[in-house]
Amino acid sequence: MRQVYLDYSATTPVKKEVLEAMLPYFTEHFGNPSSIYGIGQDSKTAITNARLQVAALIHADPSEVFFNAGGTESDNWAVFGIADALKEKGNHIITTKIEHHAMLHSCEFLEKRGYEVTYLGIGPDGRINLDELEKAITDKTILISVMTVNNEIGTVQPIKEIGQIAQKHGIVFHTDAVQALGNVPIDVKEMGIDLMSMSAHKIYGPKGIGALYIRKGVRISNYLHGGAQENKRRAGTENLPGIIGFGKAAELARLHFDDHVKHCSELRNYLIDEVLKKIPDTAVNGTMEYRHPGNANITFRYIEGEAMLLLLDAKGISVSTGSACSSTSLVPSHVLSSLGVPVEDIHGTLRFTVGDFTTKEDIDYVVETLAEIVERLRGISSVNSKKGW
Ligand SMILES: *Cc1c(COP(=O)(O)O)cnc(C)c1O
């Protein structure tokens, strides 16, 4: 059976070049980077190189890149590290209602410990309102955290403008750029970013490795305590193969950025056009203007997304409902709710994300299969409604 993976925002396959770069670091180049002898120093040199590769992708200085276990750890580090370092200054954090749970749940944890958090809403286009952001700032505000690209609807926030506001008020600005990395241009200096979360497995690198960008001069407490790794900022023996893989993936993302964006946006647009043309009662959620090049978030009215997802899976097609992270919960997506999508429509929503290995034939197969499945499910539900269910 044909297998079509359209969930690149959940994770990506490791590219062959990335795997090949990693492999020697499991076996012959296994030295501990903290060891003084030769094979230890070889590992250290390899990490230095990977740090350069990641820094180049975001226009940072390599000394500002701190490897860790990925996007979740980076978000936690940013929130708890700033809350601790600046507790004398204040206890107020500004974020948005549409952040990843790594951010939202970290903020909720702090709320239980006396911190105050303002959750900004979004407009019909999925973006925050800059005046509202500025009005939310108080003399107790210690952190502004707004994600660069949303993982469900793909909306890109006005990061540079947010950076300017944060700078004007002397507040630390963090952005979760896990979905943005490799998909929208990022220049931490130009955008005024102080802290930025990254993850390798969303850019064709391995899982369990990522980094927090910390602008030189930003005061932030450490999150993990122990050895002197990562310039004494993040303890624990380095995930050496992971770091090498992340570095390679970052280099590929930088070199192939334009091709990647063109490939994804063409196929994504083709998918959206075909679905809207061939399947009635469908709608795209979120703006097309400021959007992740691979993201299509589509509502199919009058049917259940979960039912669609399972029938698609039976045809070899992998997609996700509103949020991949909600796959075990029945709570409707907090992002689509914030966007004002009615609850019944949220339940009929699927997220499709295309990537480098997606082909036009894949999209044709998906649209054809979707049309059949939607017709079948709507047929069933209209029978049900006639029976008064
Ligand atoms: C995937 C994702 C994360 C979590 O990253 P992990 O490396 O899987 O922990 C955080 N934020 C966003 C926006 C994501 O898409």
# chains A, B, ... in the order shown; residues from 1 in each chain; ligands from 1
>>> residues_around(residues="segment 334-347 of chain A", least_positions_apart="4", cutoff="8 Å", atoms="only C-alpha atoms", output="ChimeraX atom specification")
/A:97-99,121-126,152-153,285-286,299-306,322
>>> residues_around(residues="Val374 of chain A", least_positions_apart="2", cutoff="9 Å", atoms="only C-alpha atoms", output="VMD selection string")
chain A and resid 279 300 303 308 369 to 372 376 to 379
>>> closest_atom_pairs(of="chain A", to="ligand 1", cutoff="8 Å", atoms="only C-alpha atoms and all ligand atoms", output="JSON lines")
{"residue": "A:Ser9", "atom": "CA", "partner": "ligand 1", "partner_atom_place_in_ligand_line": "15 (O)", "distance": 6.3}
{"residue": "A:Ala10", "atom": "CA", "partner": "ligand 1", "partner_atom_place_in_ligand_line": "1 (C)", "distance": 6.2}
{"residue": "A:Thr11", "atom": "CA", "partner": "ligand 1", "partner_atom_place_in_ligand_line": "1 (C)", "distance": 7.2}
{"residue": "A:Ala69", "atom": "CA", "partner": "ligand 1", "partner_atom_place_in_ligand_line": "7 (O)", "distance": 6.8}
{"residue": "A:Gly70", "atom": "CA", "partner": "ligand 1", "partner_atom_place_in_ligand_line": "7 (O)", "distance": 3.7}
{"residue": "A:Gly71", "atom": "CA", "partner": "ligand 1", "partner_atom_place_in_ligand_line": "5 (O)", "distance": 3.3}
{"residue": "A:Thr72", "atom": "CA", "partner": "ligand 1", "partner_atom_place_in_ligand_line": "9 (O)", "distance": 3.7}
{"residue": "A:Glu73", "atom": "CA", "partner": "ligand 1", "partner_atom_place_in_ligand_line": "9 (O)", "distance": 6.4}
{"residue": "A:Ser74", "atom": "CA", "partner": "ligand 1", "partner_atom_place_in_ligand_line": "9 (O)", "distance": 8.0}
{"residue": "A:Asp75", "atom": "CA", "partner": "ligand 1", "partner_atom_place_in_ligand_line": "10 (C)", "distance": 7.1}
{"residue": "A:Glu99", "atom": "CA", "partner": "ligand 1", "partner_atom_place_in_ligand_line": "13 (C)", "distance": 7.0}
{"residue": "A:His100", "atom": "CA", "partner": "ligand 1", "partner_atom_place_in_ligand_line": "11 (N)", "distance": 5.0}
{"residue": "A:His101", "atom": "CA", "partner": "ligand 1", "partner_atom_place_in_ligand_line": "10 (C)", "distance": 7.5}
{"residue": "A:Ala102", "atom": "CA", "partner": "ligand 1", "partner_atom_place_in_ligand_line": "10 (C)", "distance": 6.0}
{"residue": "A:Met103", "atom": "CA", "partner": "ligand 1", "partner_atom_place_in_ligand_line": "11 (N)", "distance": 7.7}
{"residue": "A:Met147", "atom": "CA", "partner": "ligand 1", "partner_atom_place_in_ligand_line": "13 (C)", "distance": 6.9}
{"residue": "A:Val149", "atom": "CA", "partner": "ligand 1", "partner_atom_place_in_ligand_line": "13 (C)", "distance": 6.8}
{"residue": "A:Asn150", "atom": "CA", "partner": "ligand 1", "partner_atom_place_in_ligand_line": "13 (C)", "distance": 5.9}
{"residue": "A:Asn151", "atom": "CA", "partner": "ligand 1", "partner_atom_place_in_ligand_line": "15 (O)", "distance": 4.9}
{"residue": "A:Asp176", "atom": "CA", "partner": "ligand 1", "partner_atom_place_in_ligand_line": "11 (N)", "distance": 5.9}
{"residue": "A:Ala177", "atom": "CA", "partner": "ligand 1", "partner_atom_place_in_ligand_line": "13 (C)", "distance": 6.5}
{"residue": "A:Val178", "atom": "CA", "partner": "ligand 1", "partner_atom_place_in_ligand_line": "12 (C)", "distance": 4.9}
{"residue": "A:Gln179", "atom": "CA", "partner": "ligand 1", "partner_atom_place_in_ligand_line": "15 (O)", "distance": 5.1}
{"residue": "A:Ser197", "atom": "CA", "partner": "ligand 1", "partner_atom_place_in_ligand_line": "11 (N)", "distance": 7.6}
{"residue": "A:Met198", "atom": "CA", "partner": "ligand 1", "partner_atom_place_in_ligand_line": "7 (O)", "distance": 7.3}
{"residue": "A:Ser199", "atom": "CA", "partner": "ligand 1", "partner_atom_place_in_ligand_line": "7 (O)", "distance": 4.6}
{"residue": "A:Ala200", "atom": "CA", "partner": "ligand 1", "partner_atom_place_in_ligand_line": "7 (O)", "distance": 6.8}
{"residue": "A:His201", "atom": "CA", "partner": "ligand 1", "partner_atom_place_in_ligand_line": "7 (O)", "distance": 6.5}
{"residue": "A:Lys202", "atom": "CA", "partner": "ligand 1", "partner_atom_place_in_ligand_line": "1 (C)", "distance": 6.7}
{"residue": "A:Lys207", "atom": "CA", "partner": "ligand 1", "partner_atom_place_in_ligand_line": "7 (O)", "distance": 6.6}
{"residue": "A:Gly208", "atom": "CA", "partner": "ligand 1", "partner_atom_place_in_ligand_line": "7 (O)", "distance": 6.0}
{"residue": "A:Ile209", "atom": "CA", "partner": "ligand 1", "partner_atom_place_in_ligand_line": "7 (O)", "distance": 6.6}
{"residue": "A:Gly210", "atom": "CA", "partner": "ligand 1", "partner_atom_place_in_ligand_line": "7 (O)", "distance": 6.3}
>>> write_last_selection(atoms="N, CA, C and O atoms", output="CSV table (one decimal), in the first residue's frame")
chain,number,residue,atom,x,y,z
A,9,SER,N,5.1,18.4,10.7
A,9,SER,CA,5.2,19.3,11.9
A,9,SER,C,5.2,18.5,13.2
A,9,SER,O,5.6,19.1,14.2
A,10,ALA,N,4.9,17.2,13.1
A,10,ALA,CA,5.0,16.4,14.3
A,10,ALA,C,6.4,15.9,14.5
A,10,ALA,O,7.0,15.9,15.5
A,11,THR,N,7.0,15.5,13.4
A,11,THR,CA,8.4,15.1,13.3
A,11,THR,C,8.7,14.8,11.9
A,11,THR,O,7.9,14.7,11.0
A,69,ALA,N,18.1,18.9,25.3
A,69,ALA,CA,17.3,17.8,24.8
A,69,ALA,C,16.2,18.2,23.9
A,69,ALA,O,15.4,17.3,23.5
A,70,GLY,N,16.1,19.4,23.4
A,70,GLY,CA,15.1,19.7,22.4
A,70,GLY,C,14.2,20.9,22.8
A,70,GLY,O,14.5,21.7,23.7
A,71,GLY,N,13.1,21.0,22.0
A,71,GLY,CA,12.2,22.1,22.2
A,71,GLY,C,11.6,22.2,23.6
A,71,GLY,O,11.5,23.3,24.1
A,72,THR,N,11.1,21.1,24.1
A,72,THR,CA,10.5,21.2,25.4
A,72,THR,C,11.4,21.7,26.5
A,72,THR,O,11.1,22.5,27.3
A,73,GLU,N,12.6,21.1,26.5
A,73,GLU,CA,13.6,21.6,27.5
A,73,GLU,C,13.9,23.1,27.3
A,73,GLU,O,14.1,23.8,28.3
A,74,SER,N,14.1,23.5,26.1
A,74,SER,CA,14.4,24.9,25.8
A,74,SER,C,13.3,25.8,26.3
A,74,SER,O,13.6,26.9,26.9
A,75,ASP,N,12.0,25.5,26.1
A,75,ASP,CA,10.9,26.3,26.6
A,75,ASP,C,10.9,26.3,28.1
A,75,ASP,O,10.8,27.4,28.7
A,99,GLU,N,0.4,29.1,22.4
A,99,GLU,CA,1.8,28.5,22.5
A,99,GLU,C,1.7,27.0,22.6
A,99,GLU,O,0.6,26.4,22.9
A,100,HIS,N,2.8,26.3,22.4
A,100,HIS,CA,2.9,24.9,22.6
A,100,HIS,C,2.8,24.6,24.0
A,100,HIS,O,3.0,25.4,24.9
A,101,HIS,N,2.3,23.4,24.3
A,101,HIS,CA,2.1,23.0,25.8
A,101,HIS,C,3.4,23.1,26.6
A,101,HIS,O,3.3,23.3,27.8
A,102,ALA,N,4.5,23.0,25.9
A,102,ALA,CA,5.8,23.1,26.7
A,102,ALA,C,5.9,24.5,27.3
A,102,ALA,O,6.5,24.6,28.4
A,103,MET,N,5.3,25.5,26.7
A,103,MET,CA,5.3,26.8,27.2
A,103,MET,C,4.1,27.0,28.1
A,103,MET,O,4.3,27.5,29.3
A,147,MET,N,5.6,32.6,20.3
A,147,MET,CA,6.2,31.6,19.4
A,147,MET,C,6.4,32.2,18.0
A,147,MET,O,5.5,33.0,17.6
A,149,VAL,N,6.4,30.5,14.9
A,149,VAL,CA,5.4,29.9,14.0
A,149,VAL,C,4.6,28.9,14.9
A,149,VAL,O,5.2,28.1,15.6
A,150,ASN,N,3.3,29.0,14.7
A,150,ASN,CA,2.4,28.1,15.5
A,150,ASN,C,2.4,26.7,14.9
A,150,ASN,O,2.4,26.5,13.6
A,151,ASN,N,2.4,25.7,15.7
A,151,ASN,CA,2.5,24.3,15.2
A,151,ASN,C,1.2,23.7,14.6
A,151,ASN,O,1.2,22.8,13.9
A,176,ASP,N,9.7,30.6,20.8
A,176,ASP,CA,9.7,29.2,20.5
A,176,ASP,C,9.8,29.1,19.0
A,176,ASP,O,8.7,29.4,18.3
A,177,ALA,N,10.9,28.8,18.4
A,177,ALA,CA,11.1,28.8,17.0
A,177,ALA,C,11.2,27.4,16.4
A,177,ALA,O,11.8,27.2,15.4
A,178,VAL,N,10.7,26.4,17.2
A,178,VAL,CA,10.8,25.0,16.8
A,178,VAL,C,10.2,24.8,15.4
A,178,VAL,O,10.8,24.2,14.5
A,179,GLN,N,9.0,25.4,15.1
A,179,GLN,CA,8.4,25.2,13.8
A,179,GLN,C,9.0,26.1,12.8
A,179,GLN,O,8.9,25.9,11.6
A,197,SER,N,14.0,28.9,21.3
A,197,SER,CA,14.0,27.4,21.4
A,197,SER,C,14.1,26.8,20.0
A,197,SER,O,13.4,27.2,19.1
A,198,MET,N,14.9,25.7,19.9
A,198,MET,CA,15.1,25.0,18.7
A,198,MET,C,15.0,23.5,18.9
A,198,MET,O,15.4,23.0,20.0
A,199,SER,N,14.7,22.7,17.9
A,199,SER,CA,14.6,21.3,18.0
A,199,SER,C,15.1,20.6,16.7
A,199,SER,O,14.7,21.1,15.7
A,200,ALA,N,15.9,19.6,16.8
A,200,ALA,CA,16.4,19.0,15.6
A,200,ALA,C,15.4,18.1,14.8
A,200,ALA,O,15.4,18.1,13.6
A,201,HIS,N,14.5,17.5,15.5
A,201,HIS,CA,13.7,16.5,14.8
A,201,HIS,C,12.6,17.1,14.0
A,201,HIS,O,11.9,16.4,13.3
A,202,LYS,N,12.5,18.4,14.0
A,202,LYS,CA,11.5,19.1,13.1
A,202,LYS,C,12.2,19.5,11.8
A,202,LYS,O,11.5,20.0,10.9
A,207,LYS,N,15.7,12.9,17.1
A,207,LYS,CA,14.9,13.3,18.2
A,207,LYS,C,15.7,13.4,19.5
A,207,LYS,O,16.8,12.8,19.6
A,208,GLY,N,15.2,14.2,20.4
A,208,GLY,CA,15.9,14.3,21.7
A,208,GLY,C,17.1,15.3,21.7
A,208,GLY,O,17.9,15.2,22.7
A,209,ILE,N,17.2,16.1,20.7
A,209,ILE,CA,18.3,17.1,20.7
A,209,ILE,C,17.8,18.4,20.2
A,209,ILE,O,17.0,18.4,19.3
A,210,GLY,N,18.3,19.5,20.8
A,210,GLY,CA,17.9,20.8,20.3
A,210,GLY,C,18.8,21.8,21.0
A,210,GLY,O,19.9,21.4,21.4
>>> select_by_dssp(residues="segment 332-389 of chain A", states="strand (DSSP E or B)", output="ChimeraX atom specification")
/A:349-353
>>> write_last_selection(atoms="N, CA and C atoms", output="mmCIF file, in the first residue's frame")
data_model
loop_
_atom_site.group_PDB
_atom_site.id
_atom_site.type_symbol
_atom_site.label_atom_id
_atom_site.label_comp_id
_atom_site.auth_asym_id
_atom_site.auth_seq_id
_atom_site.Cartn_x
_atom_site.Cartn_y
_atom_site.Cartn_z
ATOM 1 N N THR A 349 -11.542 19.034 12.037
ATOM 2 C CA THR A 349 -10.356 19.670 11.457
ATOM 3 C C THR A 349 -9.141 18.738 11.425
ATOM 4 N N LEU A 350 -8.426 18.786 10.313
ATOM 5 C CA LEU A 350 -7.192 18.016 10.180
ATOM 6 C C LEU A 350 -6.036 18.965 9.855
ATOM 7 N N ARG A 351 -4.850 18.592 10.357
ATOM 8 C CA ARG A 351 -3.643 19.326 9.995
ATOM 9 C C ARG A 351 -2.818 18.460 9.053
ATOM 10 N N PHE A 352 -2.525 19.022 7.876
ATOM 11 C CA PHE A 352 -1.646 18.360 6.911
ATOM 12 C C PHE A 352 -0.357 19.178 6.869
ATOM 13 N N THR A 353 0.790 18.537 7.024
ATOM 14 C CA THR A 353 2.040 19.276 6.834
ATOM 15 C C THR A 353 2.932 18.506 5.874
#
>>> atom_distance(atom1="atom CA of Ile142 of chain A", atom2="atom CA of Leu120 of chain A")
15.6 Å
>>> residues_around(residues="Ser106 of chain A", least_positions_apart="6", cutoff="9 Å", atoms="only C-alpha atoms", output="list in words")
Asp75, Asn76, Val79 and Phe80 of chain A
>>> write_last_selection(atoms="C-alpha atoms", output="PDB file, in the first residue's frame")
ATOM      1  CA  ASP A  75      10.931  26.298  26.556  1.00  0.00           C
ATOM      2  CA  ASN A  76      11.152  25.110  30.175  1.00  0.00           C
ATOM      3  CA  VAL A  79      10.589  30.252  31.476  1.00  0.00           C
ATOM      4  CA  PHE A  80      12.099  28.880  34.685  1.00  0.00           C
TER       5      PHE A  80
END
>>> atom_distance(atom1="atom CA of Gln167 of chain A", atom2="atom CA of Val184 of chain A")
22.2 Å
>>> select_by_dssp(residues="segment 32-208 of chain A", states="alpha helix (DSSP H)", output="CSV table (one decimal) with N, CA, C and O atoms, in the first residue's frame")
chain,number,residue,atom,x,y,z
A,38,GLY,N,43.2,12.6,23.3
A,38,GLY,CA,42.9,12.8,21.9
A,38,GLY,C,41.5,12.5,21.5
A,38,GLY,O,40.8,13.4,20.9
A,39,ILE,N,40.9,11.3,21.8
A,39,ILE,CA,39.6,11.0,21.2
A,39,ILE,C,38.5,11.8,21.9
A,39,ILE,O,37.5,12.1,21.4
A,40,GLY,N,38.8,12.3,23.2
A,40,GLY,CA,37.9,13.2,23.8
A,40,GLY,C,37.9,14.5,23.1
A,40,GLY,O,36.8,15.1,22.8
A,41,GLN,N,39.1,15.0,22.8
A,41,GLN,CA,39.2,16.3,22.1
A,41,GLN,C,38.6,16.3,20.7
A,41,GLN,O,38.1,17.3,20.2
A,42,ASP,N,38.7,15.1,20.0
A,42,ASP,CA,38.1,15.0,18.7
A,42,ASP,C,36.6,15.2,18.8
A,42,ASP,O,36.0,15.9,18.0
A,43,SER,N,36.0,14.6,19.9
A,43,SER,CA,34.5,14.8,20.1
A,43,SER,C,34.2,16.3,20.3
A,43,SER,O,33.2,16.9,19.8
A,44,LYS,N,35.1,16.9,21.1
A,44,LYS,CA,34.9,18.3,21.4
A,44,LYS,C,34.9,19.2,20.2
A,44,LYS,O,34.1,20.1,20.0
A,45,THR,N,35.9,18.9,19.3
A,45,THR,CA,36.0,19.6,18.0
A,45,THR,C,34.8,19.4,17.2
A,45,THR,O,34.3,20.4,16.5
A,46,ALA,N,34.3,18.2,17.2
A,46,ALA,CA,33.1,17.9,16.4
A,46,ALA,C,31.9,18.7,16.9
A,46,ALA,O,31.0,19.3,16.1
A,47,ILE,N,31.8,18.9,18.2
A,47,ILE,CA,30.7,19.7,18.8
A,47,ILE,C,30.9,21.2,18.4
A,47,ILE,O,29.9,21.8,18.1
A,48,THR,N,32.1,21.6,18.5
A,48,THR,CA,32.4,23.0,18.1
A,48,THR,C,31.9,23.3,16.7
A,48,THR,O,31.3,24.3,16.4
A,49,ASN,N,32.1,22.3,15.8
A,49,ASN,CA,31.7,22.5,14.4
A,49,ASN,C,30.2,22.5,14.3
A,49,ASN,O,29.6,23.3,13.6
A,50,ALA,N,29.5,21.6,15.0
A,50,ALA,CA,28.0,21.5,15.0
A,50,ALA,C,27.5,22.9,15.5
A,50,ALA,O,26.5,23.4,15.0
A,51,ARG,N,28.1,23.4,16.5
A,51,ARG,CA,27.6,24.7,17.1
A,51,ARG,C,27.7,25.8,16.0
A,51,ARG,O,26.8,26.6,15.9
A,52,LEU,N,28.8,25.8,15.2
A,52,LEU,CA,28.9,26.7,14.2
A,52,LEU,C,27.8,26.6,13.1
A,52,LEU,O,27.2,27.6,12.7
A,53,GLN,N,27.5,25.3,12.8
A,53,GLN,CA,26.4,25.1,11.8
A,53,GLN,C,25.1,25.6,12.3
A,53,GLN,O,24.3,26.2,11.5
A,54,VAL,N,24.7,25.3,13.6
A,54,VAL,CA,23.4,25.8,14.1
A,54,VAL,C,23.4,27.3,14.2
A,54,VAL,O,22.5,28.0,13.8
A,55,ALA,N,24.5,27.9,14.6
A,55,ALA,CA,24.6,29.4,14.8
A,55,ALA,C,24.4,30.0,13.4
A,55,ALA,O,23.8,31.1,13.3
A,56,ALA,N,25.0,29.4,12.4
A,56,ALA,CA,24.9,30.0,11.0
A,56,ALA,C,23.5,30.1,10.5
A,56,ALA,O,23.1,31.0,9.8
A,57,LEU,N,22.7,29.1,10.9
A,57,LEU,CA,21.3,29.1,10.5
A,57,LEU,C,20.5,30.2,11.0
A,57,LEU,O,19.5,30.7,10.4
A,58,ILE,N,20.8,30.7,12.2
A,58,ILE,CA,20.0,31.7,12.9
A,58,ILE,C,20.8,33.0,13.1
A,58,ILE,O,20.3,33.9,13.7
A,71,GLY,N,13.1,21.0,22.0
A,71,GLY,CA,12.2,22.1,22.2
A,71,GLY,C,11.6,22.2,23.6
A,71,GLY,O,11.5,23.3,24.1
A,72,THR,N,11.1,21.1,24.1
A,72,THR,CA,10.5,21.2,25.4
A,72,THR,C,11.4,21.7,26.5
A,72,THR,O,11.1,22.5,27.3
A,73,GLU,N,12.6,21.1,26.5
A,73,GLU,CA,13.6,21.6,27.5
A,73,GLU,C,13.9,23.1,27.3
A,73,GLU,O,14.1,23.8,28.3
A,74,SER,N,14.1,23.5,26.1
A,74,SER,CA,14.4,24.9,25.8
A,74,SER,C,13.3,25.8,26.3
A,74,SER,O,13.6,26.9,26.9
A,75,ASP,N,12.0,25.5,26.1
A,75,ASP,CA,10.9,26.3,26.6
A,75,ASP,C,10.9,26.3,28.1
A,75,ASP,O,10.8,27.4,28.7
A,76,ASN,N,11.1,25.2,28.7
A,76,ASN,CA,11.2,25.1,30.2
A,76,ASN,C,12.3,25.9,30.7
A,76,ASN,O,12.2,26.7,31.7
A,77,TRP,N,13.5,25.8,30.1
A,77,TRP,CA,14.7,26.5,30.5
A,77,TRP,C,14.4,28.1,30.5
A,77,TRP,O,14.7,28.8,31.4
A,78,ALA,N,13.8,28.5,29.3
A,78,ALA,CA,13.6,29.9,29.2
A,78,ALA,C,12.7,30.5,30.3
A,78,ALA,O,13.0,31.5,30.9
A,79,VAL,N,11.6,29.8,30.5
A,79,VAL,CA,10.6,30.3,31.5
A,79,VAL,C,11.1,30.2,32.9
A,79,VAL,O,11.1,31.2,33.6
A,80,PHE,N,11.6,29.0,33.3
A,80,PHE,CA,12.1,28.9,34.7
A,80,PHE,C,13.4,29.6,34.9
A,80,PHE,O,13.7,30.1,36.0
A,81,GLY,N,14.3,29.7,33.9
A,81,GLY,CA,15.5,30.3,34.0
A,81,GLY,C,15.4,31.8,34.2
A,81,GLY,O,16.1,32.5,35.0
A,82,ILE,N,14.4,32.4,33.5
A,82,ILE,CA,14.2,33.9,33.7
A,82,ILE,C,13.4,34.1,35.0
A,82,ILE,O,13.7,35.1,35.7
A,83,ALA,N,12.4,33.3,35.2
A,83,ALA,CA,11.6,33.5,36.5
A,83,ALA,C,12.5,33.5,37.7
A,83,ALA,O,12.4,34.3,38.6
A,84,ASP,N,13.6,32.6,37.7
A,84,ASP,CA,14.5,32.6,38.8
A,84,ASP,C,15.5,33.7,38.8
A,84,ASP,O,15.7,34.4,39.8
A,85,ALA,N,16.0,34.0,37.6
A,85,ALA,CA,17.1,35.0,37.6
A,85,ALA,C,16.6,36.4,37.8
A,85,ALA,O,17.2,37.3,38.4
A,101,HIS,N,2.3,23.4,24.3
A,101,HIS,CA,2.1,23.0,25.8
A,101,HIS,C,3.4,23.1,26.6
A,101,HIS,O,3.3,23.3,27.8
A,102,ALA,N,4.5,23.0,25.9
A,102,ALA,CA,5.8,23.1,26.7
A,102,ALA,C,5.9,24.5,27.3
A,102,ALA,O,6.5,24.6,28.4
A,103,MET,N,5.3,25.5,26.7
A,103,MET,CA,5.3,26.8,27.2
A,103,MET,C,4.1,27.0,28.1
A,103,MET,O,4.3,27.5,29.3
A,104,LEU,N,2.9,26.6,27.7
A,104,LEU,CA,1.7,26.9,28.5
A,104,LEU,C,1.8,26.2,29.8
A,104,LEU,O,1.5,26.8,30.9
A,105,HIS,N,2.2,24.9,29.8
A,105,HIS,CA,2.2,24.2,31.1
A,105,HIS,C,3.3,24.7,32.0
A,105,HIS,O,3.2,24.6,33.2
A,106,SER,N,4.4,25.2,31.4
A,106,SER,CA,5.4,25.7,32.3
A,106,SER,C,4.9,27.0,33.0
A,106,SER,O,5.2,27.3,34.1
A,107,CYS,N,4.2,27.8,32.2
A,107,CYS,CA,3.6,29.0,32.8
A,107,CYS,C,2.6,28.7,33.8
A,107,CYS,O,2.5,29.4,34.9
A,108,GLU,N,1.8,27.7,33.6
A,108,GLU,CA,0.7,27.3,34.6
A,108,GLU,C,1.4,26.8,35.9
A,108,GLU,O,0.9,27.1,37.0
A,109,PHE,N,2.5,26.1,35.7
A,109,PHE,CA,3.3,25.7,36.9
A,109,PHE,C,3.7,26.9,37.7
A,109,PHE,O,3.6,26.9,39.0
A,110,LEU,N,4.2,27.9,37.0
A,110,LEU,CA,4.6,29.1,37.8
A,110,LEU,C,3.4,29.9,38.4
A,110,LEU,O,3.6,30.5,39.5
A,111,GLU,N,2.3,29.9,37.7
A,111,GLU,CA,1.1,30.6,38.3
A,111,GLU,C,0.8,30.0,39.6
A,111,GLU,O,0.3,30.7,40.5
A,130,LEU,N,-0.2,43.9,18.5
A,130,LEU,CA,1.0,44.5,19.2
A,130,LEU,C,0.6,45.6,20.2
A,130,LEU,O,1.3,45.7,21.2
A,131,ASP,N,-0.5,46.3,20.0
A,131,ASP,CA,-0.9,47.3,21.0
A,131,ASP,C,-1.3,46.6,22.3
A,131,ASP,O,-1.0,47.0,23.4
A,132,GLU,N,-2.0,45.5,22.1
A,132,GLU,CA,-2.4,44.7,23.3
A,132,GLU,C,-1.2,44.2,24.1
A,132,GLU,O,-1.2,44.2,25.3
A,133,LEU,N,-0.2,43.8,23.3
A,133,LEU,CA,1.0,43.3,23.9
A,133,LEU,C,1.6,44.4,24.8
A,133,LEU,O,2.0,44.3,25.9
A,134,GLU,N,1.8,45.6,24.1
A,134,GLU,CA,2.4,46.7,24.8
A,134,GLU,C,1.6,47.1,26.1
A,134,GLU,O,2.2,47.5,27.1
A,135,LYS,N,0.3,47.1,25.9
A,135,LYS,CA,-0.6,47.5,27.1
A,135,LYS,C,-0.5,46.5,28.2
A,135,LYS,O,-0.7,46.9,29.4
A,136,ALA,N,-0.1,45.3,27.9
A,136,ALA,CA,0.0,44.2,29.0
A,136,ALA,C,1.2,44.4,29.8
A,136,ALA,O,1.3,43.8,30.9
A,159,ILE,N,7.6,38.9,14.7
A,159,ILE,CA,8.6,38.7,15.7
A,159,ILE,C,9.5,39.9,15.9
A,159,ILE,O,9.8,40.4,17.0
A,160,LYS,N,9.9,40.5,14.7
A,160,LYS,CA,10.8,41.7,14.8
A,160,LYS,C,10.1,42.9,15.6
A,160,LYS,O,10.7,43.5,16.4
A,161,GLU,N,8.8,43.1,15.3
A,161,GLU,CA,8.1,44.1,16.0
A,161,GLU,C,8.0,43.8,17.5
A,161,GLU,O,8.1,44.7,18.3
A,162,ILE,N,7.7,42.6,17.8
A,162,ILE,CA,7.7,42.1,19.2
A,162,ILE,C,9.0,42.4,19.9
A,162,ILE,O,9.1,42.9,21.0
A,163,GLY,N,10.1,42.0,19.2
A,163,GLY,CA,11.4,42.3,19.7
A,163,GLY,C,11.7,43.7,20.0
A,163,GLY,O,12.3,44.1,21.0
A,164,GLN,N,11.2,44.6,19.1
A,164,GLN,CA,11.4,46.1,19.3
A,164,GLN,C,10.6,46.5,20.6
A,164,GLN,O,11.2,47.3,21.3
A,165,ILE,N,9.4,46.0,20.7
A,165,ILE,CA,8.6,46.4,21.9
A,165,ILE,C,9.4,45.9,23.2
A,165,ILE,O,9.5,46.7,24.2
A,166,ALA,N,9.8,44.7,23.2
A,166,ALA,CA,10.5,44.1,24.4
A,166,ALA,C,11.8,45.0,24.7
A,166,ALA,O,12.0,45.3,25.8
A,167,GLN,N,12.5,45.3,23.6
A,167,GLN,CA,13.7,46.1,23.8
A,167,GLN,C,13.4,47.5,24.4
A,167,GLN,O,14.1,47.9,25.3
A,168,LYS,N,12.4,48.1,23.9
A,168,LYS,CA,12.0,49.4,24.3
A,168,LYS,C,11.7,49.4,25.8
A,168,LYS,O,12.0,50.4,26.5
>>> residues_around(residues="Ile272 of chain A", least_positions_apart="4", cutoff="8 Å", atoms="only C-alpha atoms", output="mmCIF file with N, CA and C atoms, in the first residue's frame")
data_model
loop_
_atom_site.group_PDB
_atom_site.id
_atom_site.type_symbol
_atom_site.label_atom_id
_atom_site.label_comp_id
_atom_site.auth_asym_id
_atom_site.auth_seq_id
_atom_site.Cartn_x
_atom_site.Cartn_y
_atom_site.Cartn_z
ATOM 1 N N ARG A 268 1.797 22.398 -0.777
ATOM 2 C CA ARG A 268 0.773 22.787 0.204
ATOM 3 C C ARG A 268 -0.362 23.541 -0.499
ATOM 4 N N LEU A 276 -10.304 22.243 -1.527
ATOM 5 C CA LEU A 276 -11.404 23.218 -1.538
ATOM 6 C C LEU A 276 -12.251 23.073 -2.807
ATOM 7 N N VAL A 284 -10.095 26.604 5.110
ATOM 8 C CA VAL A 284 -8.745 26.657 5.656
ATOM 9 C C VAL A 284 -8.745 27.556 6.889
ATOM 10 N N ALA A 296 -1.138 23.105 6.115
ATOM 11 C CA ALA A 296 -2.529 23.271 5.682
ATOM 12 C C ALA A 296 -3.408 22.754 6.812
#
>>> closest_residue(among="A:Ala235, A:Ile193, A:Leu6, A:Ala253", to="Leu181 of chain A", atoms="only C-alpha atoms")
A:Ala253
